[in-house]
Structures are given as structure tokens and as C-alpha cells.
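S.K.: Just one file: structure38.txt, with compact mmCIF, N, CA and C atoms and all ligand atoms.
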# COMPACT_ATOMS: atom_id res chain seq x y z
N MET A 1 0.07 27.56 -32.39
CA MET A 1 -0.29 28.90 -31.95
C MET A 1 -1.70 29.22 -32.40
N LYS A 2 -2.36 30.04 -31.64
CA LYS A 2 -3.77 30.31 -31.94
C LYS A 2 -4.04 31.80 -32.10
N ALA A 3 -5.04 32.08 -32.92
CA ALA A 3 -5.55 33.44 -33.05
C ALA A 3 -7.07 33.37 -33.02
N THR A 4 -7.68 34.42 -32.48
CA THR A 4 -9.14 34.50 -32.43
C THR A 4 -9.59 35.80 -33.08
N TRP A 5 -10.61 35.69 -33.93
CA TRP A 5 -11.22 36.87 -34.55
C TRP A 5 -12.61 37.06 -33.93
N ILE A 6 -12.89 38.28 -33.55
CA ILE A 6 -14.23 38.61 -33.04
C ILE A 6 -14.96 39.38 -34.13
N LEU A 7 -16.07 38.81 -34.58
CA LEU A 7 -16.83 39.40 -35.68
C LEU A 7 -17.75 40.49 -35.16
N PRO A 8 -18.25 41.34 -36.08
CA PRO A 8 -19.13 42.44 -35.65
C PRO A 8 -20.35 41.98 -34.86
N ASP A 9 -20.82 40.76 -35.11
CA ASP A 9 -22.00 40.28 -34.36
C ASP A 9 -21.62 39.60 -33.06
N GLY A 10 -20.35 39.63 -32.71
CA GLY A 10 -19.90 39.05 -31.44
C GLY A 10 -19.43 37.61 -31.56
N GLN A 11 -19.71 36.98 -32.70
CA GLN A 11 -19.24 35.61 -32.91
C GLN A 11 -17.71 35.57 -32.90
N GLN A 12 -17.15 34.50 -32.36
CA GLN A 12 -15.69 34.37 -32.31
C GLN A 12 -15.26 33.15 -33.11
N ILE A 13 -14.16 33.31 -33.82
CA ILE A 13 -13.57 32.19 -34.56
C ILE A 13 -12.12 32.06 -34.09
N THR A 14 -11.78 30.88 -33.60
CA THR A 14 -10.41 30.63 -33.15
C THR A 14 -9.79 29.58 -34.07
N ALA A 15 -8.55 29.81 -34.48
CA ALA A 15 -7.90 28.90 -35.41
C ALA A 15 -6.44 28.70 -35.02
N GLU A 16 -5.92 27.56 -35.39
CA GLU A 16 -4.49 27.30 -35.29
C GLU A 16 -3.79 28.08 -36.39
N VAL A 17 -2.73 28.78 -36.04
CA VAL A 17 -1.98 29.55 -37.04
C VAL A 17 -0.50 29.19 -36.91
N PRO A 18 0.09 28.68 -37.98
CA PRO A 18 1.51 28.33 -37.90
C PRO A 18 2.40 29.57 -37.78
N GLU A 19 3.52 29.41 -37.13
CA GLU A 19 4.47 30.51 -37.01
C GLU A 19 4.85 31.01 -38.40
N GLY A 20 4.88 32.32 -38.56
CA GLY A 20 5.29 32.92 -39.83
C GLY A 20 4.15 33.20 -40.77
N GLN A 21 3.00 32.58 -40.55
CA GLN A 21 1.86 32.84 -41.43
C GLN A 21 1.28 34.21 -41.08
N SER A 22 0.85 34.94 -42.11
CA SER A 22 0.21 36.23 -41.81
C SER A 22 -1.19 35.98 -41.27
N LEU A 23 -1.65 36.91 -40.48
CA LEU A 23 -2.98 36.74 -39.89
C LEU A 23 -4.08 36.97 -40.93
N MET A 24 -3.74 37.59 -42.05
CA MET A 24 -4.69 37.63 -43.18
C MET A 24 -4.79 36.23 -43.79
N GLN A 25 -3.67 35.59 -44.07
CA GLN A 25 -3.70 34.25 -44.66
C GLN A 25 -4.46 33.28 -43.76
N ALA A 26 -4.23 33.42 -42.47
CA ALA A 26 -4.91 32.53 -41.52
C ALA A 26 -6.40 32.78 -41.54
N ALA A 27 -6.81 34.04 -41.62
CA ALA A 27 -8.24 34.36 -41.64
C ALA A 27 -8.90 33.81 -42.90
N VAL A 28 -8.24 33.97 -44.03
CA VAL A 28 -8.80 33.47 -45.30
C VAL A 28 -8.89 31.94 -45.25
N ALA A 29 -7.86 31.31 -44.73
CA ALA A 29 -7.83 29.85 -44.67
C ALA A 29 -8.95 29.30 -43.79
N HIS A 30 -9.39 30.10 -42.83
CA HIS A 30 -10.44 29.64 -41.91
C HIS A 30 -11.77 30.34 -42.16
N ASN A 31 -11.90 30.94 -43.34
CA ASN A 31 -13.17 31.56 -43.74
C ASN A 31 -13.70 32.57 -42.74
N VAL A 32 -12.81 33.38 -42.20
CA VAL A 32 -13.26 34.45 -41.30
C VAL A 32 -13.98 35.50 -42.15
N PRO A 33 -15.26 35.75 -41.89
CA PRO A 33 -16.00 36.73 -42.70
C PRO A 33 -15.37 38.12 -42.62
N LEU A 34 -15.45 38.84 -43.71
CA LEU A 34 -15.05 40.25 -43.83
C LEU A 34 -13.54 40.46 -43.89
N VAL A 35 -12.75 39.43 -43.69
CA VAL A 35 -11.30 39.55 -43.89
C VAL A 35 -11.01 38.85 -45.21
N LEU A 36 -10.90 39.64 -46.27
CA LEU A 36 -10.89 39.06 -47.61
C LEU A 36 -9.50 38.86 -48.18
N GLY A 37 -8.59 39.77 -47.87
CA GLY A 37 -7.22 39.61 -48.38
C GLY A 37 -7.16 39.58 -49.89
N GLU A 38 -7.91 40.46 -50.53
CA GLU A 38 -8.06 40.39 -52.00
C GLU A 38 -6.76 40.52 -52.77
N CYS A 39 -5.80 41.27 -52.25
CA CYS A 39 -4.55 41.47 -53.01
C CYS A 39 -3.49 40.43 -52.66
N GLY A 40 -3.83 39.51 -51.79
CA GLY A 40 -2.88 38.46 -51.46
C GLY A 40 -1.75 38.92 -50.56
N GLY A 41 -1.92 40.06 -49.93
CA GLY A 41 -0.90 40.52 -48.98
C GLY A 41 0.07 41.53 -49.56
N ASN A 42 -0.31 42.13 -50.70
CA ASN A 42 0.59 43.07 -51.38
C ASN A 42 0.35 44.53 -51.02
N LEU A 43 -0.42 44.76 -49.98
CA LEU A 43 -0.68 46.12 -49.51
C LEU A 43 -1.35 46.99 -50.56
N SER A 44 -2.27 46.40 -51.31
CA SER A 44 -2.97 47.21 -52.30
C SER A 44 -4.48 47.07 -52.23
N CYS A 45 -5.01 46.45 -51.18
CA CYS A 45 -6.48 46.32 -51.14
C CYS A 45 -7.11 46.81 -49.84
N ALA A 46 -6.43 46.66 -48.73
CA ALA A 46 -6.95 47.03 -47.40
C ALA A 46 -8.16 46.21 -46.99
N THR A 47 -8.41 45.07 -47.65
CA THR A 47 -9.54 44.23 -47.25
C THR A 47 -9.15 43.22 -46.17
N CYS A 48 -8.02 43.43 -45.56
CA CYS A 48 -7.58 42.57 -44.45
C CYS A 48 -7.55 43.35 -43.14
N HIS A 49 -8.30 44.45 -43.13
CA HIS A 49 -8.33 45.37 -41.98
C HIS A 49 -8.84 44.68 -40.72
N VAL A 50 -8.11 44.86 -39.63
CA VAL A 50 -8.55 44.40 -38.31
C VAL A 50 -8.19 45.49 -37.30
N VAL A 51 -8.81 45.39 -36.13
CA VAL A 51 -8.48 46.30 -35.03
C VAL A 51 -7.90 45.46 -33.90
N VAL A 52 -6.77 45.91 -33.37
CA VAL A 52 -6.07 45.15 -32.33
C VAL A 52 -6.54 45.64 -30.96
N PRO A 53 -7.00 44.75 -30.10
CA PRO A 53 -7.44 45.17 -28.77
C PRO A 53 -6.29 45.78 -27.96
N PRO A 54 -6.62 46.65 -26.99
CA PRO A 54 -5.59 47.37 -26.24
C PRO A 54 -4.53 46.46 -25.60
N ASP A 55 -4.94 45.30 -25.11
CA ASP A 55 -3.95 44.46 -24.41
C ASP A 55 -3.02 43.72 -25.37
N TRP A 56 -3.23 43.86 -26.67
CA TRP A 56 -2.32 43.22 -27.64
C TRP A 56 -1.50 44.24 -28.43
N ILE A 57 -1.87 45.49 -28.37
CA ILE A 57 -1.28 46.45 -29.31
C ILE A 57 0.23 46.60 -29.11
N ASP A 58 0.71 46.53 -27.87
CA ASP A 58 2.16 46.67 -27.65
C ASP A 58 2.93 45.54 -28.33
N ARG A 59 2.38 44.34 -28.27
CA ARG A 59 3.09 43.21 -28.87
C ARG A 59 2.99 43.23 -30.40
N VAL A 60 1.89 43.75 -30.91
CA VAL A 60 1.71 43.78 -32.37
C VAL A 60 2.51 44.93 -32.98
N GLY A 61 2.49 46.07 -32.32
CA GLY A 61 3.25 47.22 -32.80
C GLY A 61 2.47 48.06 -33.79
N PRO A 62 3.07 49.17 -34.23
CA PRO A 62 2.39 50.10 -35.12
C PRO A 62 2.46 49.64 -36.59
N PRO A 63 1.65 50.25 -37.44
CA PRO A 63 1.72 49.94 -38.88
C PRO A 63 3.08 50.32 -39.47
N ASN A 64 3.50 49.60 -40.48
CA ASN A 64 4.76 49.98 -41.15
C ASN A 64 4.50 51.11 -42.15
N ASP A 65 5.56 51.66 -42.71
CA ASP A 65 5.45 52.85 -43.55
C ASP A 65 4.61 52.62 -44.81
N PHE A 66 4.62 51.41 -45.33
CA PHE A 66 3.86 51.11 -46.55
C PHE A 66 2.40 50.83 -46.23
N GLU A 67 2.19 50.33 -45.04
CA GLU A 67 0.83 50.00 -44.59
C GLU A 67 0.05 51.26 -44.23
N GLU A 68 0.77 52.20 -43.67
CA GLU A 68 0.15 53.43 -43.11
C GLU A 68 -0.83 54.09 -44.09
N PRO A 69 -0.44 54.41 -45.33
CA PRO A 69 -1.39 55.08 -46.22
C PRO A 69 -2.59 54.21 -46.59
N MET A 70 -2.39 52.89 -46.64
CA MET A 70 -3.51 52.00 -46.99
C MET A 70 -4.57 51.96 -45.90
N LEU A 71 -4.17 52.26 -44.68
CA LEU A 71 -5.13 52.25 -43.57
C LEU A 71 -6.15 53.39 -43.71
N ASP A 72 -5.84 54.35 -44.57
CA ASP A 72 -6.79 55.43 -44.79
C ASP A 72 -7.83 55.11 -45.85
N VAL A 73 -7.73 53.95 -46.47
CA VAL A 73 -8.71 53.58 -47.51
C VAL A 73 -9.44 52.28 -47.15
N THR A 74 -9.46 51.94 -45.87
CA THR A 74 -10.20 50.76 -45.45
C THR A 74 -11.70 51.02 -45.58
N GLU A 75 -12.46 49.96 -45.78
CA GLU A 75 -13.91 50.12 -45.92
C GLU A 75 -14.52 50.53 -44.58
N ALA A 76 -14.21 49.79 -43.53
CA ALA A 76 -14.63 50.22 -42.19
C ALA A 76 -13.71 51.35 -41.76
N GLU A 77 -14.27 52.30 -41.04
CA GLU A 77 -13.47 53.47 -40.67
C GLU A 77 -12.25 53.08 -39.85
N ARG A 78 -11.13 53.70 -40.15
CA ARG A 78 -9.89 53.45 -39.42
C ARG A 78 -10.03 53.81 -37.95
N GLN A 79 -9.46 53.00 -37.08
CA GLN A 79 -9.43 53.28 -35.65
C GLN A 79 -7.97 53.38 -35.21
N PRO A 80 -7.71 53.94 -34.00
CA PRO A 80 -6.32 54.12 -33.59
C PRO A 80 -5.51 52.82 -33.61
N ALA A 81 -6.15 51.70 -33.34
CA ALA A 81 -5.41 50.44 -33.32
C ALA A 81 -5.69 49.59 -34.56
N SER A 82 -6.07 50.23 -35.65
CA SER A 82 -6.27 49.49 -36.90
C SER A 82 -4.94 49.02 -37.46
N ARG A 83 -4.97 47.81 -38.02
CA ARG A 83 -3.81 47.26 -38.75
C ARG A 83 -4.33 46.49 -39.96
N LEU A 84 -3.44 46.31 -40.92
CA LEU A 84 -3.74 45.41 -42.02
C LEU A 84 -3.14 44.06 -41.65
N SER A 85 -4.02 43.06 -41.57
CA SER A 85 -3.55 41.80 -40.98
C SER A 85 -2.60 41.02 -41.89
N CYS A 86 -2.47 41.43 -43.16
CA CYS A 86 -1.45 40.78 -44.00
C CYS A 86 -0.05 41.19 -43.56
N GLN A 87 0.03 42.23 -42.74
CA GLN A 87 1.34 42.73 -42.29
C GLN A 87 1.68 42.24 -40.88
N ILE A 88 0.85 41.38 -40.32
CA ILE A 88 1.13 40.83 -39.00
C ILE A 88 1.39 39.33 -39.16
N ARG A 89 2.56 38.90 -38.78
CA ARG A 89 2.89 37.47 -38.89
C ARG A 89 2.86 36.83 -37.51
N MET A 90 2.37 35.61 -37.48
CA MET A 90 2.30 34.89 -36.22
C MET A 90 3.70 34.60 -35.69
N THR A 91 3.88 34.90 -34.43
CA THR A 91 5.12 34.56 -33.71
C THR A 91 4.70 34.01 -32.36
N ALA A 92 5.65 33.46 -31.63
CA ALA A 92 5.34 32.93 -30.30
C ALA A 92 4.76 34.02 -29.41
N ALA A 93 5.23 35.25 -29.59
CA ALA A 93 4.75 36.36 -28.76
C ALA A 93 3.30 36.69 -29.04
N LEU A 94 2.80 36.29 -30.20
CA LEU A 94 1.42 36.62 -30.56
C LEU A 94 0.47 35.43 -30.38
N ASP A 95 1.00 34.35 -29.81
CA ASP A 95 0.14 33.18 -29.58
C ASP A 95 -1.04 33.58 -28.69
N GLY A 96 -2.24 33.30 -29.15
CA GLY A 96 -3.44 33.64 -28.38
C GLY A 96 -4.03 34.99 -28.73
N ILE A 97 -3.45 35.64 -29.72
CA ILE A 97 -3.91 36.99 -30.08
C ILE A 97 -5.40 37.02 -30.44
N VAL A 98 -6.01 38.14 -30.11
CA VAL A 98 -7.40 38.39 -30.45
C VAL A 98 -7.41 39.59 -31.41
N LEU A 99 -8.21 39.46 -32.48
CA LEU A 99 -8.35 40.56 -33.44
C LEU A 99 -9.83 40.87 -33.62
N ILE A 100 -10.14 42.13 -33.67
CA ILE A 100 -11.53 42.55 -33.87
C ILE A 100 -11.73 42.86 -35.35
N VAL A 101 -12.74 42.24 -35.92
CA VAL A 101 -13.08 42.50 -37.33
C VAL A 101 -14.10 43.64 -37.34
N PRO A 102 -13.74 44.80 -37.91
CA PRO A 102 -14.67 45.93 -37.84
C PRO A 102 -15.84 45.79 -38.81
N GLN A 103 -16.93 46.41 -38.45
CA GLN A 103 -18.13 46.42 -39.31
C GLN A 103 -17.89 47.35 -40.49
N PRO A 104 -17.98 46.87 -41.72
CA PRO A 104 -17.78 47.77 -42.87
C PRO A 104 -18.91 48.79 -43.00
FE1 LIG B 1 -4.43 43.40 -49.38
FE2 LIG B 1 -3.61 43.18 -46.83
S1 LIG B 1 -4.34 41.63 -48.14
S2 LIG B 1 -3.63 44.94 -48.09
Now that the file is in, can you turn its structure into C-alpha cells?

M.R.:
Amino acid sequence: MKATWILPDGQQITAEVPEGQSLMQAAVAHNVPLVLGECGGNLSCATCHVVVPPDWIDRVGPPNDFEEPMLDVTEAERQPASRLSCQIRMTAALDGIVLIVPQP
């Protein structure tokens, strides 16, 4: 399964992501800039912030209750389709997903 990150400068990084891996872990493993995952996925850093494009948001779904307050402390300003990528796990339905990395 694949995921693509679009960086603030327009550069794209596409990587193989195994099923079940979080998209934060995948970004860190592939050195995607600005997706740091400092807390290791424990919902305490918000450095895994991404924005989900409109054509993917239905499949990704809304933030969970624990993620919601952390989205208000992201470095880049929160957008309606902001998510913390440590809370999104790769599934067959998300194969080919595109994530926008916001400018801090
Ligand atoms: Fe820290 Fe997602 S990795 S909140």
C-alpha cells in the first residue's frame, strides 16, 4: 500500500506503507520533512499534523475524542481537514492516500 505526502514547497514523497502502520510512523521512516512524531504516537506532541485532501476525508474520517484537543495546539494552524497522522492507520481503503504537510 502506498501513501504520498505533499510538502509545503510542492515536493511529493511516496512510500510503501504496511497495513496497520500509522501514517506518522511511515512518514518518520521515510524522512518526510515536518512530520516529526516526537511523542511516538501518544497524542501529546501534535508534531504529526497533516491535512487530508477533500477526496480522502470521507475514508479517513474525523479526529477521535483524544485527538481533537491536540489539534488546537499544532504548530501550523489547524484546518477543517486537519488530522494527527499518528491516529491514522494504513488500511486497504487508504491505499494511495495523499496527505498535505502544512507549512508551520
Ligand atoms: Fe505525537 Fe501524533 S506523534 S501526537

S.K.: Just the number, please: distance in Å from CA of Val50 (chain A) to atom C of Met24 (chain A), one decimal.

M.R.: 10.5 Å

S.K.: May I have a table of the residues of chain A lying at most 8 Å from ligand LIG 1 (chain B), giving each one's closest pair of atoms and their distance in Å to one decimal, counting only N, CA and C atoms and all ligand atoms, ordered by chain and ascending residue number, as a tab-separated table?

M.R.:
residue	atom	partner	partner_atom	distance
A:Met24	CA	B:LIG1	S1	6.4
A:Gln25	N	B:LIG1	S1	7.3
A:Val35	C	B:LIG1	S1	7.8
A:Leu36	C	B:LIG1	S1	5.9
A:Gly37	CA	B:LIG1	S1	3.5
A:Glu38	N	B:LIG1	S1	4.5
A:Cys39	N	B:LIG1	FE1	3.8
A:Gly40	N	B:LIG1	S1	4.3
A:Gly41	N	B:LIG1	S1	3.4
A:Asn42	N	B:LIG1	FE1	4.5
A:Leu43	CA	B:LIG1	S2	3.5
A:Ser44	N	B:LIG1	S2	3.8
A:Cys45	N	B:LIG1	FE1	3.6
A:Ala46	N	B:LIG1	S2	3.3
A:Thr47	N	B:LIG1	FE1	4.6
A:Cys48	N	B:LIG1	FE2	4.6
A:His49	N	B:LIG1	FE2	6.1
A:Glu67	CA	B:LIG1	S2	7.6
A:Met70	CA	B:LIG1	S2	7.1
A:Arg83	C	B:LIG1	FE2	7.7
A:Leu84	C	B:LIG1	FE2	5.3
A:Ser85	N	B:LIG1	FE2	5.3
A:Cys86	N	B:LIG1	FE2	4.2
A:Gln87	N	B:LIG1	FE2	5.6

S.K.: Which polymer residues have any atom within 8 Å of an atom of Val52 (chain A), counting only C-alpha atoms, with same-chain residues fewer than 2 positions away left out, as a list in words?

M.R.: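 So, after excluding close chain neighbours, the residues are Val50, Pro54, Trp56, Ile57, Val60, Ala81, Ser82, Arg83, Val98, Leu99 and Ile100 of chain A.
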
S.K.: For CA of Pro53 (chain A) and atom C of Ala29 (chain A), quote the distance in Å rounded to one decimal.

M.R.: 21.9 Å

S.K.: One decimal, in Å: what's the spacing between atom C of Phe66 (chain A) and CA of Gly10 (chain A)?

M.R.: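 Spanning atom C of Phe66 (chain A) to CA of Gly10 (chain A) is a straight-line distance of 29.2 Å.
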
S.K.: I need the residues in chain A that are strand (DSSP E) according to DSSP; give them as a ChimeraX atom specification.

M.R.: /A:2-6,12-16,49-51,82-84,97-100

S.K.: Can I get the selected residues back with N, CA and C atoms, as a PDB file, keeping the file's coordinate frame?

M.R.:
ATOM      1  N   LYS A   2      -2.360  30.040 -31.640  1.00  0.00           N
ATOM      2  CA  LYS A   2      -3.770  30.310 -31.940  1.00  0.00           C
ATOM      3  C   LYS A   2      -4.040  31.800 -32.100  1.00  0.00           C
ATOM      4  N   ALA A   3      -5.040  32.080 -32.920  1.00  0.00           N
ATOM      5  CA  ALA A   3      -5.550  33.440 -33.050  1.00  0.00           C
ATOM      6  C   ALA A   3      -7.070  33.370 -33.020  1.00  0.00           C
ATOM      7  N   THR A   4      -7.680  34.420 -32.480  1.00  0.00           N
ATOM      8  CA  THR A   4      -9.140  34.500 -32.430  1.00  0.00           C
ATOM      9  C   THR A   4      -9.590  35.800 -33.080  1.00  0.00           C
ATOM     10  N   TRP A   5     -10.610  35.690 -33.930  1.00  0.00           N
ATOM     11  CA  TRP A   5     -11.220  36.870 -34.550  1.00  0.00           C
ATOM     12  C   TRP A   5     -12.610  37.060 -33.930  1.00  0.00           C
ATOM     13  N   ILE A   6     -12.890  38.280 -33.550  1.00  0.00           N
ATOM     14  CA  ILE A   6     -14.230  38.610 -33.040  1.00  0.00           C
ATOM     15  C   ILE A   6     -14.960  39.380 -34.130  1.00  0.00           C
ATOM     16  N   GLN A  12     -17.150  34.500 -32.360  1.00  0.00           N
ATOM     17  CA  GLN A  12     -15.690  34.370 -32.310  1.00  0.00           C
ATOM     18  C   GLN A  12     -15.260  33.150 -33.110  1.00  0.00           C
ATOM     19  N   ILE A  13     -14.160  33.310 -33.820  1.00  0.00           N
ATOM     20  CA  ILE A  13     -13.570  32.190 -34.560  1.00  0.00           C
ATOM     21  C   ILE A  13     -12.120  32.060 -34.090  1.00  0.00           C
ATOM     22  N   THR A  14     -11.780  30.880 -33.600  1.00  0.00           N
ATOM     23  CA  THR A  14     -10.410  30.630 -33.150  1.00  0.00           C
ATOM     24  C   THR A  14      -9.790  29.580 -34.070  1.00  0.00           C
ATOM     25  N   ALA A  15      -8.550  29.810 -34.480  1.00  0.00           N
ATOM     26  CA  ALA A  15      -7.900  28.900 -35.410  1.00  0.00           C
ATOM     27  C   ALA A  15      -6.440  28.700 -35.020  1.00  0.00           C
ATOM     28  N   GLU A  16      -5.920  27.560 -35.390  1.00  0.00           N
ATOM     29  CA  GLU A  16      -4.490  27.300 -35.290  1.00  0.00           C
ATOM     30  C   GLU A  16      -3.790  28.080 -36.390  1.00  0.00           C
ATOM     31  N   HIS A  49      -8.300  44.450 -43.130  1.00  0.00           N
ATOM     32  CA  HIS A  49      -8.330  45.370 -41.980  1.00  0.00           C
ATOM     33  C   HIS A  49      -8.840  44.680 -40.720  1.00  0.00           C
ATOM     34  N   VAL A  50      -8.110  44.860 -39.630  1.00  0.00           N
ATOM     35  CA  VAL A  50      -8.550  44.400 -38.310  1.00  0.00           C
ATOM     36  C   VAL A  50      -8.190  45.490 -37.300  1.00  0.00           C
ATOM     37  N   VAL A  51      -8.810  45.390 -36.130  1.00  0.00           N
ATOM     38  CA  VAL A  51      -8.480  46.300 -35.030  1.00  0.00           C
ATOM     39  C   VAL A  51      -7.900  45.460 -33.900  1.00  0.00           C
ATOM     40  N   SER A  82      -6.070  50.230 -35.650  1.00  0.00           N
ATOM     41  CA  SER A  82      -6.270  49.490 -36.900  1.00  0.00           C
ATOM     42  C   SER A  82      -4.940  49.020 -37.460  1.00  0.00           C
ATOM     43  N   ARG A  83      -4.970  47.810 -38.020  1.00  0.00           N
ATOM     44  CA  ARG A  83      -3.810  47.260 -38.750  1.00  0.00           C
ATOM     45  C   ARG A  83      -4.330  46.490 -39.960  1.00  0.00           C
ATOM     46  N   LEU A  84      -3.440  46.310 -40.920  1.00  0.00           N
ATOM     47  CA  LEU A  84      -3.740  45.410 -42.020  1.00  0.00           C
ATOM     48  C   LEU A  84      -3.140  44.060 -41.650  1.00  0.00           C
ATOM     49  N   ILE A  97      -3.450  35.640 -29.720  1.00  0.00           N
ATOM     50  CA  ILE A  97      -3.910  36.990 -30.080  1.00  0.00           C
ATOM     51  C   ILE A  97      -5.400  37.020 -30.440  1.00  0.00           C
ATOM     52  N   VAL A  98      -6.010  38.140 -30.110  1.00  0.00           N
ATOM     53  CA  VAL A  98      -7.400  38.390 -30.450  1.00  0.00           C
ATOM     54  C   VAL A  98      -7.410  39.590 -31.410  1.00  0.00           C
ATOM     55  N   LEU A  99      -8.210  39.460 -32.480  1.00  0.00           N
ATOM     56  CA  LEU A  99      -8.350  40.560 -33.440  1.00  0.00           C
ATOM     57  C   LEU A  99      -9.830  40.870 -33.620  1.00  0.00           C
ATOM     58  N   ILE A 100     -10.140  42.130 -33.670  1.00  0.00           N
ATOM     59  CA  ILE A 100     -11.530  42.550 -33.870  1.00  0.00           C
ATOM     60  C   ILE A 100     -11.730  42.860 -35.350  1.00  0.00           C
TER      61      ILE A 100
END

S.K.: From a backbone DSSP assignment, name each residue in chain A labelled helix (DSSP H, G or I), as a list in words.

M.R.: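 Residues of chain A classed as helix (DSSP H, G or I): Leu23, Met24, Gln25, Ala26, Ala27, Val28, Ala29, Pro54, Asp55, Trp56, Ile57, Asp58, Arg59, Val60, Glu67, Glu68, Pro69, Met70, Leu71, Asp72, Val73, Ser85, Cys86, Gln87, Ala92, Ala93 and Leu94 of chain A.
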
S.K.: Within 5 Å of (-1.0, 32.6, -31.7), in the coordinates the file gives, what residues turn up when you count only N, CA and C atoms, written out as a list in words?

M.R.: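 Residues found, by chain and rising number: Met1, Lys2, Ala3, Leu94, Asp95, Gly96 and Ile97 of chain A.
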